[in-house]
2 protein chains.
Amino acid sequence: MLEKVDLKKRVDKSEYKQTISQINTKLGELQRKAKDLKIPIIILFEGWSASGKGILINKLILSMDPRGSKVWSTDKLTEEEKMHPFLWTYWNKLPSKGRISILNKSWYKELLHSLINNSSQKRIKNIYEDISSYEKTLNEDGYLIIKFFLHIDKEEQKKRFKIIEDSHSMAWKVTEDDWKQNEDYDRYKKVFNDLLKNTNYKFSPWNIVEAENKKYATLKISKTLVKILEEKIDSIEKARKDKVEETSVKIETKHKHPSELSNYNLSLNIEKEEYSKQLHLYQKRLIDLQYMLYSKRIPVVILYEGMDAAGKGGNIRRLTEHMDPRGYEVIPISAPNIVEQEYHYLWRFWTKMPKDGHISIFDRSWYGRVLVEKVEGFCSYEDWTRAYDEINDMEKQLTNHGTILLKFFLQIDKDEQFKRFKAREDDPIKNWKITEEDWRNRSKWEEYENAINEMLYKTSTERAPWTVVESTDKKYARIKVLKKVVEALESKIK
Amino acid sequence: MLEKVDLKKRVDKSEYKQTISQINTKLGELQRKAKDLKIPIIILFEGWSASGKGILINKLILSMDPRGSKVWSTDKLTEEEKMHPFLWTYWNKLPSKGRISILNKSWYKELLHSLINNSSQKRIKNIYEDISSYEKTLNEDGYLIIKFFLHIDKEEQKKRFKIIEDSHSMAWKVTEDDWKQNEDYDRYKKVFNDLLKNTNYKFSPWNIVEAENKKYATLKISKTLVKILEEKIDSIEKARKDKVEETSVKIETKHKHPSELSNYNLSLNIEKEEYSKQLHLYQKRLIDLQYMLYSKRIPVVILYEGMDAAGKGGNIRRLTEHMDPRGYEVIPISAPNIVEQEYHYLWRFWTKMPKDGHISIFDRSWYGRVLVEKVEGFCSYEDWTRAYDEINDMEKQLTNHGTILLKFFLQIDKDEQFKRFKAREDDPIKNWKITEEDWRNRSKWEEYENAINEMLYKTSTERAPWTVVESTDKKYARIKVLKKVVEALESKIK
């Protein structure tokens, strides 16, 4: 994509002056429209060192309303960022609906780095996959991703490095790595070219900007933005008109999935004495394992789903009873709040993923989308059908990073639930735990069971399999989870 | 406070078993009540190395509802945290209304560190002041701060270090610093004692916990929490009853403050040619200064307040026109959103303070509390009268850290504002900028002017003085701000 670029393009001062204010007025208008339409926008800048990203980004933000946009420089990652999957950094910088994030360097930095340093083919493949599924996931949720690559040639780069080095206050900005890029210009160019070609997705293509002449580049960026925004806005307005009352034709999946749940013997149980012995054994082992994980910097995600009153709380308490609170966190998930609703639904989970060496335990999770949100109609048909892929992609991104991911589904039958609800209602200490909503959910038992079966069927992947936990006997369930966790951690630590 | 502590206190197994579940039930109940009353709670743990903070915190959270609390370990600060005023870390970990933050180590770490390392008297005095004003600010807003100090003696500490070192997985946890603490036990004890005495505030006293016997310590922590929560809840419920319709007796400040604003000659202006020359000069100088600030890691806060249509936006644009966007951010402030309303009103500003070496430019600021919120009655009389002190305290905390703080008030007169409003309405490109609200605010011109005078009078401190900027001539105003900024940065960099 860089082969046929004419870097000699220029624009003269008078032409620039005439055009720029006109385009910027237009851009301001489109920004306000995009805000009204609640389009979240990511504008990212990649390119050669000294290609002028800073200056051009500043030009861009001066032309926009600062109330709607934010610039993020991710050139140097923080320690915190380095201890997470590389996409975590960008989930944390995601714009909410109607807002704009401008990224000075982006997730492509990770890819460039791997390509230049000849990382393993597997690693490179993983990064390509992570990036494409990330952009796809955002795109399908309505995010607009606009990608600029600033291009200059070898001589120009060299000239600019020298000018910077000669200036008093900025000399420190040119690093050894920068000079290496200039010396290795041809190799870098080939790598950039491959990267651009391979990630030139239909829904988020690259825009190459000839960046030797500042005025030309400024104009090109503004014009490109105007064009892309206009198209997006038009397509949204058109789609709204075309939407001929199709909202009520909601198609239900009548297709039954293999009834995974029926394979489990819910009467499994454990003797009290045996329970105490094993509980002690595994909890003790977990203390050691937690410290080993920490020194090896391995992150762990453990998630719990299950029928209401299946005993998630008590199960989690036994799991964490002797853990060091500096290294784990229990994250209870309920309905998204008003801020969370303004983002992609995975945002609130991504931002809570553990640092390397830490454990996050989710009490309910992102599977809410294909359970409660699906059954209760809190999201659209398109949303939940798309969610299985989105979830598998996210879990792949986590395990690609080296995260241990364990998913537990705590199962009881309908009679057992009834008994537990009643017992809670009768107990003055516990009756705050039971609400109208619990009884309401219960009346949809079969629909939930159907949704669970579909979830188990579609999201039990090799890298992140589900464990169904027979929970009629709470003691049995606790030991099963503890054992599974201990085994999983041991196999990874060896 | 540590002199007369009896570390031999024990509780036997049967007594413990009897009491603990009873107390924890009570604690759960109080936690739910505190949540309903929307009390934000900070529980912090300090103490000797190996005094069992981790284990005791874990005991505590197992007895609480995880939906309402979060544990923060701040033993090791992140790079990001190190590049901010030390209280920034804790503003970021503040609980919202009705929630609980449990801190494993806290802002006292900074104080301990300075005392042990014999920092300058000035530095130590600053930290003491920062801490006392921080706790006072939170307390006055209804935050409950509960402070525990875990105490063990020299022999016990030594014994514990040895046990940890002998274990396979945890040996790395005992550091050289830990052993130094044990060797220097007596000196540390004296320092701890001073620290505890000097920060034993009436509104947030210390609770010393004898931590040699785990069961005793667990019980004492739970009992103390029950007692403090009960008292707080009682006092709130009592206050609500006693509130005899006093809400309408709102006392207005009739006292006039010196009319600062009238001192300024709003007809000041600058010739176009001179403007271009100086604009160019100062903007160019700012590029250099920004990079110097960055290499010296000095943070800068620049805030703008001013009458509507005084030209804040254009002024900020001229200031940032040639800055590097990697190092500055414009932060537009409007009414707090629904999440921000759940915190102390300074929270949303604290969390946006610049990293060392960076510049944050606030387009409107925390002064909203004593301007729009005061005039429009968006906060109570108690809230805004208290705010002057809170603001001065916060600005002191910033400048104690080395932050350069510049405050600009852009002033125009009532006729000029009318002319500008009209011009905006008539301009098809700009008329989205003018709203009903602008005209409404304008009708209260005198009240605003009065509030501004009081603000200038009460918050123009030596370390953070106000600069009133005559803004009838926008060009004059831009140069005045640029010049002031350049001079302030230069004087600090030399």
# chains A, B, ... in the order shown; residues from 1 in each chain; ligands from 1

call {"tool": "select_by_dssp", "arguments": {"residues": "stretch 178-285 of chain B", "states": "alpha helix (DSSP H)", "output": "ChimeraX atom specification"}}
result
/B:178-183,185-198,214-242,272-285

call {"tool": "interface_residues", "arguments": {"of": "chain B", "to": "chain A", "cutoff": "6 Å", "atoms": "only C-alpha atoms", "output": "JSON, numbers by chain"}}
result
{"B": [54, 58, 67, 73, 169, 288, 291, 324, 325, 326, 332]}

call {"tool": "residues_around", "arguments": {"residues": "A:Asp184", "least_positions_apart": "3", "cutoff": "12 Å", "atoms": "only C-alpha atoms", "output": "VMD selection string"}}
result
chain A and resid 48 116 154 157 to 158 177 to 181 187 to 191

call {"tool": "residues_around", "arguments": {"residues": "A:Glu340", "least_positions_apart": "5", "cutoff": "12 Å", "atoms": "only C-alpha atoms", "output": "list in words"}}
result
Leu94, Pro95, Ser96, Lys97, Ile333, Ser334, Ala335, Tyr345, Leu346, Trp347, Arg348, Phe349, Trp350 and Thr351 of chain A; Ile338 and Val339 of chain B

call {"tool": "write_last_selection", "arguments": {"atoms": "C-alpha atoms", "output": "PDB file, in the first residue's frame"}}
result
ATOM      1  CA  LEU A  94     -12.738   3.370  24.377  1.00  0.00           C
ATOM      2  CA  PRO A  95     -15.029   6.327  23.700  1.00  0.00           C
ATOM      3  CA  SER A  96     -18.563   6.103  25.022  1.00  0.00           C
ATOM      4  CA  LYS A  97     -21.476   6.594  22.655  1.00  0.00           C
ATOM      5  CA  ILE A 333     -21.917  -8.324  38.386  1.00  0.00           C
ATOM      6  CA  SER A 334     -25.432  -6.963  38.212  1.00  0.00           C
ATOM      7  CA  ALA A 335     -27.288  -4.953  35.572  1.00  0.00           C
ATOM      8  CA  TYR A 345     -21.266  -4.393  26.687  1.00  0.00           C
ATOM      9  CA  LEU A 346     -17.876  -6.109  27.079  1.00  0.00           C
ATOM     10  CA  TRP A 347     -16.236  -2.854  28.186  1.00  0.00           C
ATOM     11  CA  ARG A 348     -17.120  -3.184  31.849  1.00  0.00           C
ATOM     12  CA  PHE A 349     -15.620  -6.675  31.959  1.00  0.00           C
ATOM     13  CA  TRP A 350     -12.455  -5.822  30.063  1.00  0.00           C
ATOM     14  CA  THR A 351     -11.666  -2.942  32.358  1.00  0.00           C
TER      15      THR A 351
ATOM     16  CA  ILE B 338     -24.836  10.789  37.717  1.00  0.00           C
ATOM     17  CA  VAL B 339     -21.722   8.831  38.666  1.00  0.00           C
TER      18      VAL B 339
END

call {"tool": "closest_residue", "arguments": {"among": "B:Lys76, B:Lys458, B:Arg440, B:Lys238", "to": "B:His257", "atoms": "only C-alpha atoms"}}
result
B:Lys458

call {"tool": "atom_distance", "arguments": {"atom1": "atom CA of A:Arg369", "atom2": "atom CA of A:Asp389"}}
result
12.1 Å

call {"tool": "atom_distance", "arguments": {"atom1": "atom CA of B:Ile41", "atom2": "atom CA of B:Tyr143"}}
result
5.8 Å

call {"tool": "residues_around", "arguments": {"residues": "stretch 416-426 of chain B", "least_positions_apart": "2", "cutoff": "9 Å", "atoms": "only C-alpha atoms", "output": "number ranges by chain"}}
result
B: 307-310, 412-414, 428-434, 438-439, 442, 472

call {"tool": "residues_around", "arguments": {"residues": "stretch 212-219 of chain A", "least_positions_apart": "4", "cutoff": "12 Å", "atoms": "only C-alpha atoms", "output": "number ranges by chain"}}
result
A: 5-24, 27, 48, 50-63, 148-157, 159-160, 207-208, 223-226

call {"tool": "atom_distance", "arguments": {"atom1": "atom CA of B:Ile302", "atom2": "atom CA of B:Lys407"}}
result
5.9 Å

call {"tool": "residues_around", "arguments": {"residues": "B:Leu30", "least_positions_apart": "6", "cutoff": "9 Å", "atoms": "only C-alpha atoms", "output": "MDAnalysis selection string"}}
result
chainID B and resid 226 229:230 233

call {"tool": "write_last_selection", "arguments": {"atoms": "C-alpha atoms", "output": "PDB file, in the first residue's frame"}}
result
ATOM      1  CA  VAL B 226     -20.044  -2.560  64.798  1.00  0.00           C
ATOM      2  CA  LEU B 229     -21.197   2.017  62.452  1.00  0.00           C
ATOM      3  CA  GLU B 230     -23.930   1.968  65.086  1.00  0.00           C
ATOM      4  CA  ILE B 233     -26.098   5.434  61.870  1.00  0.00           C
TER       5      ILE B 233
END

call {"tool": "select_by_dssp", "arguments": {"residues": "stretch 300-365 of chain A", "states": "strand (DSSP E)", "output": "list in words"}}
result
Val300, Val301, Ile302, Leu303, Tyr304, Glu305, Gly306, Tyr328, Glu329, Val330, Ile331, Pro332, Ile359, Ser360, Ile361, Phe362 and Asp363 of chain A

call {"tool": "write_last_selection", "arguments": {"atoms": "all heavy atoms", "output": "compact mmCIF listing (two decimals), in the first residue's frame"}}
result
# COMPACT_ATOMS: atom_id res chain seq x y z
N VAL A 300 -5.31 -14.94 36.45
CA VAL A 300 -6.37 -15.96 36.49
C VAL A 300 -7.74 -15.30 36.50
O VAL A 300 -7.96 -14.32 37.22
CB VAL A 300 -6.23 -16.84 37.76
CG1 VAL A 300 -7.31 -17.91 37.80
CG2 VAL A 300 -4.85 -17.47 37.84
N VAL A 301 -8.65 -15.80 35.68
CA VAL A 301 -10.03 -15.36 35.71
C VAL A 301 -10.90 -16.57 36.04
O VAL A 301 -10.83 -17.59 35.36
CB VAL A 301 -10.46 -14.77 34.35
CG1 VAL A 301 -11.97 -14.52 34.33
CG2 VAL A 301 -9.70 -13.49 34.05
N ILE A 302 -11.68 -16.44 37.11
CA ILE A 302 -12.60 -17.52 37.48
C ILE A 302 -14.00 -16.93 37.46
O ILE A 302 -14.25 -15.91 38.09
CB ILE A 302 -12.30 -18.04 38.90
CG1 ILE A 302 -10.85 -18.60 38.95
CG2 ILE A 302 -13.30 -19.10 39.32
CD1 ILE A 302 -10.39 -18.96 40.35
N LEU A 303 -14.90 -17.53 36.68
CA LEU A 303 -16.24 -16.95 36.67
C LEU A 303 -17.28 -17.95 37.10
O LEU A 303 -17.16 -19.15 36.87
CB LEU A 303 -16.57 -16.33 35.32
CG LEU A 303 -16.87 -17.18 34.11
CD1 LEU A 303 -18.35 -17.62 34.10
CD2 LEU A 303 -16.58 -16.38 32.85
N TYR A 304 -18.29 -17.42 37.78
CA TYR A 304 -19.41 -18.22 38.28
C TYR A 304 -20.69 -17.78 37.60
O TYR A 304 -21.02 -16.59 37.59
CB TYR A 304 -19.59 -18.00 39.78
CG TYR A 304 -18.64 -18.75 40.67
CD1 TYR A 304 -17.34 -18.29 40.83
CD2 TYR A 304 -19.05 -19.87 41.39
CE1 TYR A 304 -16.46 -18.96 41.69
CE2 TYR A 304 -18.18 -20.54 42.25
CZ TYR A 304 -16.88 -20.08 42.39
OH TYR A 304 -16.02 -20.74 43.24
N GLU A 305 -21.40 -18.75 37.05
CA GLU A 305 -22.80 -18.51 36.69
C GLU A 305 -23.59 -19.61 37.38
O GLU A 305 -23.01 -20.58 37.89
CB GLU A 305 -23.00 -18.59 35.17
CG GLU A 305 -22.36 -17.45 34.39
CD GLU A 305 -23.13 -16.13 34.51
OE1 GLU A 305 -24.27 -16.15 35.03
OE2 GLU A 305 -22.57 -15.09 34.10
N GLY A 306 -24.91 -19.51 37.39
CA GLY A 306 -25.68 -20.57 38.02
C GLY A 306 -27.10 -20.12 38.29
O GLY A 306 -27.41 -18.93 38.21
N TYR A 328 -6.33 -11.12 45.05
CA TYR A 328 -7.56 -11.55 44.38
C TYR A 328 -8.65 -10.51 44.59
O TYR A 328 -8.58 -9.69 45.50
CB TYR A 328 -8.03 -12.91 44.90
CG TYR A 328 -8.84 -12.86 46.17
CD1 TYR A 328 -10.24 -12.70 46.13
CD2 TYR A 328 -8.25 -12.96 47.43
CE1 TYR A 328 -10.99 -12.64 47.29
CE2 TYR A 328 -8.98 -12.90 48.59
CZ TYR A 328 -10.36 -12.74 48.53
OH TYR A 328 -11.11 -12.67 49.68
N GLU A 329 -9.64 -10.57 43.75
CA GLU A 329 -10.79 -9.68 43.90
C GLU A 329 -12.06 -10.39 43.45
O GLU A 329 -12.05 -11.06 42.42
CB GLU A 329 -10.58 -8.41 43.07
CG GLU A 329 -11.66 -7.40 43.31
CD GLU A 329 -11.45 -6.09 42.54
OE1 GLU A 329 -10.55 -6.06 41.67
OE2 GLU A 329 -12.18 -5.14 42.77
N VAL A 330 -13.10 -10.28 44.26
CA VAL A 330 -14.41 -10.80 43.85
C VAL A 330 -15.18 -9.65 43.21
O VAL A 330 -15.31 -8.58 43.78
CB VAL A 330 -15.21 -11.35 45.05
CG1 VAL A 330 -16.59 -11.81 44.61
CG2 VAL A 330 -14.45 -12.50 45.71
N ILE A 331 -15.65 -9.88 41.98
CA ILE A 331 -16.33 -8.82 41.25
C ILE A 331 -17.78 -9.22 41.00
O ILE A 331 -18.07 -10.04 40.15
CB ILE A 331 -15.61 -8.56 39.91
CG1 ILE A 331 -14.15 -8.16 40.19
CG2 ILE A 331 -16.32 -7.49 39.10
CD1 ILE A 331 -13.25 -8.25 38.99
N PRO A 332 -18.69 -8.67 41.80
CA PRO A 332 -20.10 -9.02 41.63
C PRO A 332 -20.68 -8.25 40.45
O PRO A 332 -20.46 -7.05 40.33
CB PRO A 332 -20.75 -8.56 42.93
CG PRO A 332 -19.65 -7.93 43.76
CD PRO A 332 -18.50 -7.67 42.86
N ILE A 359 -5.82 -12.57 40.59
CA ILE A 359 -6.99 -13.40 40.32
C ILE A 359 -8.26 -12.55 40.39
O ILE A 359 -8.48 -11.87 41.39
CB ILE A 359 -7.10 -14.54 41.37
CG1 ILE A 359 -5.81 -15.37 41.41
CG2 ILE A 359 -8.31 -15.42 41.11
CD1 ILE A 359 -5.78 -16.41 42.53
N SER A 360 -9.05 -12.57 39.32
CA SER A 360 -10.36 -11.93 39.38
C SER A 360 -11.43 -13.01 39.39
O SER A 360 -11.44 -13.88 38.52
CB SER A 360 -10.60 -11.02 38.17
OG SER A 360 -9.76 -9.90 38.22
N ILE A 361 -12.32 -12.93 40.36
CA ILE A 361 -13.42 -13.90 40.45
C ILE A 361 -14.72 -13.16 40.16
O ILE A 361 -15.12 -12.26 40.90
CB ILE A 361 -13.46 -14.52 41.86
CG1 ILE A 361 -12.14 -15.28 42.12
CG2 ILE A 361 -14.66 -15.46 42.00
CD1 ILE A 361 -11.91 -15.61 43.57
N PHE A 362 -15.35 -13.53 39.05
CA PHE A 362 -16.58 -12.85 38.66
C PHE A 362 -17.79 -13.61 39.19
O PHE A 362 -17.99 -14.77 38.86
CB PHE A 362 -16.66 -12.75 37.13
CG PHE A 362 -15.72 -11.74 36.54
CD1 PHE A 362 -14.43 -12.10 36.17
CD2 PHE A 362 -16.12 -10.43 36.35
CE1 PHE A 362 -13.56 -11.17 35.62
CE2 PHE A 362 -15.26 -9.49 35.80
CZ PHE A 362 -13.97 -9.86 35.43
N ASP A 363 -18.59 -12.95 40.01
CA ASP A 363 -19.84 -13.51 40.50
C ASP A 363 -20.93 -13.06 39.53
O ASP A 363 -21.46 -11.97 39.65
CB ASP A 363 -20.10 -12.99 41.92
CG ASP A 363 -21.35 -13.58 42.54
OD1 ASP A 363 -22.08 -14.31 41.85
OD2 ASP A 363 -21.61 -13.29 43.72
